Amino acid sequence: MPKTPKNSLIPSKFNLYIKVGNKYVRYYKFELTNSGFYIYDYSERGDHFSYHNDGNCFYHHLGKRSIKKIRKPLNEYTGIETLRCLNVFMFNSQMLKLKNYSIDNKNDVLIDRTIPFCLEINLSNKKVSLPTLTERINSKRFQRKLGNLWLIIEVYENSKKNYVSEMRYSPNKWVVGQNFFSWIDNKWQ
């Protein structure tokens, strides 16, 4: 069997489910393909995050690219970065895909926690141990290999009871017009 070159991506995927009532709902689908890394949300609107091999990253909202960030090429990725940090609140039940308890993949993450809670998703090129933060109550972490990358997912209660937006790891300084762009008036600005 031929060896995979160090700088190539190994396709793989898994899902993150949260418990709503007595059923599990797919909240995120994580997928690494030959063209890049994708995080699909629970809606049917086409909302997702993409990190392409050339380093271009997009947040897609309502099926359209809304934010563009330029990072290092994905196949050269090193270090750790927080990709998402968010609060999980109540849901619009019409947007959810309810399913009976079942695991599609042994790597799927099942979160059996009462809403609301906070969720942080970190990308790393190696398995790491995150330091404990005291304001993150009842923290639970999941580490999943995604091809030749690692996702570290932390679920916790927020002791500050505020809207969570702080990113634990952000190695980039985002500068509008240089490596951070918004789609305004049909062009990247």
# chains A, B, ... in the order shown; residues from 1 in each chain; ligands from 1
call {"tool": "residues_around", "arguments": {"residues": "A:Asp108", "least_positions_apart": "6", "cutoff": "6 Å", "atoms": "only C-alpha atoms", "output": "PyMOL selection string"}}
result
chain A and resi 14-16
call {"tool": "write_last_selection", "arguments": {"atoms": "C-alpha atoms", "output": "mmCIF file, in the first residue's frame"}}
result
data_model
loop_
_atom_site.group_PDB
_atom_site.id
_atom_site.type_symbol
_atom_site.label_atom_id
_atom_site.label_comp_id
_atom_site.auth_asym_id
_atom_site.auth_seq_id
_atom_site.Cartn_x
_atom_site.Cartn_y
_atom_site.Cartn_z
ATOM 1 C CA PHE A 14 -17.913 12.510 11.909
ATOM 2 C CA ASN A 15 -20.987 14.157 13.474
ATOM 3 C CA LEU A 16 -21.751 15.949 16.716
#
call {"tool": "closest_atom_pairs", "arguments": {"of": "stretch 30-94 of chain A", "to": "stretch 111-133 of chain A", "cutoff": "12 Å", "atoms": "only C-alpha atoms", "output": "CSV"}}
result
residue,atom,partner,partner_atom,distance
A:Phe30,CA,A:Ile121,CA,10.7
A:Leu32,CA,A:Leu123,CA,12.0
A:Phe37,CA,A:Leu123,CA,10.4
A:Tyr38,CA,A:Leu123,CA,11.7
A:Ile39,CA,A:Ile121,CA,10.1
A:Phe49,CA,A:Ile121,CA,12.0
A:Tyr51,CA,A:Leu123,CA,11.0
A:Leu74,CA,A:Asn125,CA,10.0
A:Asn75,CA,A:Asn125,CA,9.8
A:Glu76,CA,A:Asn125,CA,9.1
A:Tyr77,CA,A:Asn125,CA,6.4
A:Thr78,CA,A:Asn125,CA,5.2
A:Gly79,CA,A:Ser124,CA,5.6
A:Ile80,CA,A:Ser124,CA,4.3
A:Glu81,CA,A:Leu123,CA,5.4
A:Thr82,CA,A:Asn122,CA,4.2
A:Leu83,CA,A:Asn122,CA,5.6
A:Arg84,CA,A:Ile121,CA,5.2
A:Cys85,CA,A:Glu120,CA,4.3
A:Leu86,CA,A:Leu119,CA,5.4
A:Asn87,CA,A:Cys118,CA,4.4
A:Val88,CA,A:Pro116,CA,5.4
A:Phe89,CA,A:Pro116,CA,4.8
A:Met90,CA,A:Ile115,CA,6.9
A:Phe91,CA,A:Ile115,CA,9.6
call {"tool": "write_last_selection", "arguments": {"atoms": "C-alpha atoms", "output": "mmCIF file, in the first residue's frame"}}
result
data_model
loop_
_atom_site.group_PDB
_atom_site.id
_atom_site.type_symbol
_atom_site.label_atom_id
_atom_site.label_comp_id
_atom_site.auth_asym_id
_atom_site.auth_seq_id
_atom_site.Cartn_x
_atom_site.Cartn_y
_atom_site.Cartn_z
ATOM 1 C CA PHE A 30 -17.299 17.714 10.340
ATOM 2 C CA LEU A 32 -12.239 16.617 5.644
ATOM 3 C CA PHE A 37 -12.256 21.024 5.759
ATOM 4 C CA TYR A 38 -15.973 21.705 6.306
ATOM 5 C CA ILE A 39 -18.241 22.229 9.327
ATOM 6 C CA PHE A 49 -17.706 26.940 7.496
ATOM 7 C CA TYR A 51 -11.279 25.961 5.107
ATOM 8 C CA LEU A 74 -4.686 23.633 5.127
ATOM 9 C CA ASN A 75 -2.176 20.932 4.176
ATOM 10 C CA GLU A 76 0.540 23.017 5.907
ATOM 11 C CA TYR A 77 -1.543 23.657 9.022
ATOM 12 C CA THR A 78 0.350 23.623 12.336
ATOM 13 C CA GLY A 79 -0.542 24.814 15.823
ATOM 14 C CA ILE A 80 -3.966 25.199 17.378
ATOM 15 C CA GLU A 81 -6.801 27.613 16.638
ATOM 16 C CA THR A 82 -10.334 28.067 17.930
ATOM 17 C CA LEU A 83 -12.690 27.931 14.954
ATOM 18 C CA ARG A 84 -16.013 28.379 16.772
ATOM 19 C CA CYS A 85 -17.055 29.371 20.272
ATOM 20 C CA LEU A 86 -20.788 29.630 20.776
ATOM 21 C CA ASN A 87 -23.783 29.281 23.033
ATOM 22 C CA VAL A 88 -26.255 26.489 22.377
ATOM 23 C CA PHE A 89 -29.722 27.827 23.236
ATOM 24 C CA MET A 90 -33.291 26.887 22.370
ATOM 25 C CA PHE A 91 -33.995 25.688 18.852
#
call {"tool": "atom_distance", "arguments": {"atom1": "atom CA of A:Lys145", "atom2": "atom CA of A:Lys106"}}
result
11.6 Å
call {"tool": "atom_distance", "arguments": {"atom1": "atom CA of A:Arg141", "atom2": "atom CA of A:Lys23"}}
result
21.5 Å
call {"tool": "residues_around", "arguments": {"residues": "A:Asp47", "least_positions_apart": "4", "cutoff": "9 Å", "atoms": "only C-alpha atoms", "output": "list of chain:residue names"}}
result
A:Ile39, A:Tyr40, A:Asp41, A:Tyr42, A:Ser43, A:Tyr59, A:His60, A:His61, A:Leu62, A:Gly63, A:Lys64
call {"tool": "write_last_selection", "arguments": {"atoms": "N, CA and C atoms", "output": "PDB file, in the first residue's frame"}}
result
ATOM      1  N   ILE A  39     -17.376  22.413   8.161  1.00  0.00           N
ATOM      2  CA  ILE A  39     -18.241  22.229   9.327  1.00  0.00           C
ATOM      3  C   ILE A  39     -19.635  22.651   8.881  1.00  0.00           C
ATOM      4  N   TYR A  40     -20.549  21.682   8.781  1.00  0.00           N
ATOM      5  CA  TYR A  40     -21.932  21.950   8.378  1.00  0.00           C
ATOM      6  C   TYR A  40     -22.794  22.042   9.624  1.00  0.00           C
ATOM      7  N   ASP A  41     -23.682  23.048   9.692  1.00  0.00           N
ATOM      8  CA  ASP A  41     -24.532  23.157  10.867  1.00  0.00           C
ATOM      9  C   ASP A  41     -25.817  22.352  10.688  1.00  0.00           C
ATOM     10  N   TYR A  42     -26.688  22.467  11.674  1.00  0.00           N
ATOM     11  CA  TYR A  42     -27.894  21.639  11.747  1.00  0.00           C
ATOM     12  C   TYR A  42     -29.004  22.102  10.818  1.00  0.00           C
ATOM     13  N   SER A  43     -28.905  23.286  10.264  1.00  0.00           N
ATOM     14  CA  SER A  43     -30.025  23.820   9.489  1.00  0.00           C
ATOM     15  C   SER A  43     -30.037  23.260   8.071  1.00  0.00           C
ATOM     16  N   TYR A  59     -17.313  31.665   5.735  1.00  0.00           N
ATOM     17  CA  TYR A  59     -18.524  31.380   6.500  1.00  0.00           C
ATOM     18  C   TYR A  59     -19.667  31.567   5.518  1.00  0.00           C
ATOM     19  N   HIS A  60     -20.434  30.516   5.324  1.00  0.00           N
ATOM     20  CA  HIS A  60     -21.564  30.544   4.397  1.00  0.00           C
ATOM     21  C   HIS A  60     -22.840  30.681   5.224  1.00  0.00           C
ATOM     22  N   HIS A  61     -23.627  31.700   4.931  1.00  0.00           N
ATOM     23  CA  HIS A  61     -24.879  31.931   5.652  1.00  0.00           C
ATOM     24  C   HIS A  61     -25.997  32.061   4.624  1.00  0.00           C
ATOM     25  N   LEU A  62     -27.055  31.297   4.830  1.00  0.00           N
ATOM     26  CA  LEU A  62     -28.182  31.256   3.894  1.00  0.00           C
ATOM     27  C   LEU A  62     -27.719  30.938   2.477  1.00  0.00           C
ATOM     28  N   GLY A  63     -26.715  30.047   2.386  1.00  0.00           N
ATOM     29  CA  GLY A  63     -26.237  29.591   1.096  1.00  0.00           C
ATOM     30  C   GLY A  63     -25.266  30.534   0.406  1.00  0.00           C
ATOM     31  N   LYS A  64     -24.894  31.646   1.054  1.00  0.00           N
ATOM     32  CA  LYS A  64     -23.976  32.612   0.438  1.00  0.00           C
ATOM     33  C   LYS A  64     -22.757  32.815   1.325  1.00  0.00           C
TER      34      LYS A  64
END
call {"tool": "residues_around", "arguments": {"residues": "stretch 17-20 of chain A", "least_positions_apart": "4", "cutoff": "6 Å", "atoms": "only C-alpha atoms", "output": "ChimeraX atom specification"}}
result
/A:24-27,110-112
call {"tool": "write_last_selection", "arguments": {"atoms": "N, CA and C atoms", "output": "PDB file, in the first residue's frame"}}
result
ATOM      1  N   TYR A  24     -31.679  12.487  19.666  1.00  0.00           N
ATOM      2  CA  TYR A  24     -30.441  13.184  19.359  1.00  0.00           C
ATOM      3  C   TYR A  24     -30.580  13.917  18.031  1.00  0.00           C
ATOM      4  N   VAL A  25     -30.042  15.115  17.984  1.00  0.00           N
ATOM      5  CA  VAL A  25     -30.106  15.972  16.815  1.00  0.00           C
ATOM      6  C   VAL A  25     -28.690  16.188  16.309  1.00  0.00           C
ATOM      7  N   ARG A  26     -28.503  16.050  15.009  1.00  0.00           N
ATOM      8  CA  ARG A  26     -27.183  16.356  14.467  1.00  0.00           C
ATOM      9  C   ARG A  26     -27.014  17.870  14.488  1.00  0.00           C
ATOM     10  N   TYR A  27     -26.069  18.340  15.287  1.00  0.00           N
ATOM     11  CA  TYR A  27     -25.821  19.769  15.406  1.00  0.00           C
ATOM     12  C   TYR A  27     -24.735  20.217  14.434  1.00  0.00           C
ATOM     13  N   LEU A 110     -21.550  12.470  21.074  1.00  0.00           N
ATOM     14  CA  LEU A 110     -22.908  12.585  21.616  1.00  0.00           C
ATOM     15  C   LEU A 110     -22.842  13.447  22.864  1.00  0.00           C
ATOM     16  N   ILE A 111     -23.559  14.566  22.865  1.00  0.00           N
ATOM     17  CA  ILE A 111     -23.571  15.464  24.019  1.00  0.00           C
ATOM     18  C   ILE A 111     -24.906  15.286  24.722  1.00  0.00           C
ATOM     19  N   ASP A 112     -24.835  14.727  25.914  1.00  0.00           N
ATOM     20  CA  ASP A 112     -26.026  14.461  26.717  1.00  0.00           C
ATOM     21  C   ASP A 112     -26.059  15.503  27.841  1.00  0.00           C
TER      22      ASP A 112
END
call {"tool": "atom_distance", "arguments": {"atom1": "atom CA of A:Ser139", "atom2": "atom CA of A:Val155"}}
result
5.6 Å
call {"tool": "closest_residue", "arguments": {"among": "A:Asn34, A:Gln143, A:Asn56, A:Asn22", "to": "A:Asn107", "atoms": "only C-alpha atoms"}}
result
A:Gln143
call {"tool": "residues_around", "arguments": {"residues": "A:Pro11", "least_positions_apart": "3", "cutoff": "9 Å", "atoms": "only C-alpha atoms", "output": "PyMOL selection string"}}
result
chain A and resi 31-34+36+146-148
call {"tool": "closest_residue", "arguments": {"among": "A:Ser35, A:Asn158, A:Asn105, A:Thr134", "to": "A:Asp54", "atoms": "only C-alpha atoms"}}
result
A:Ser35
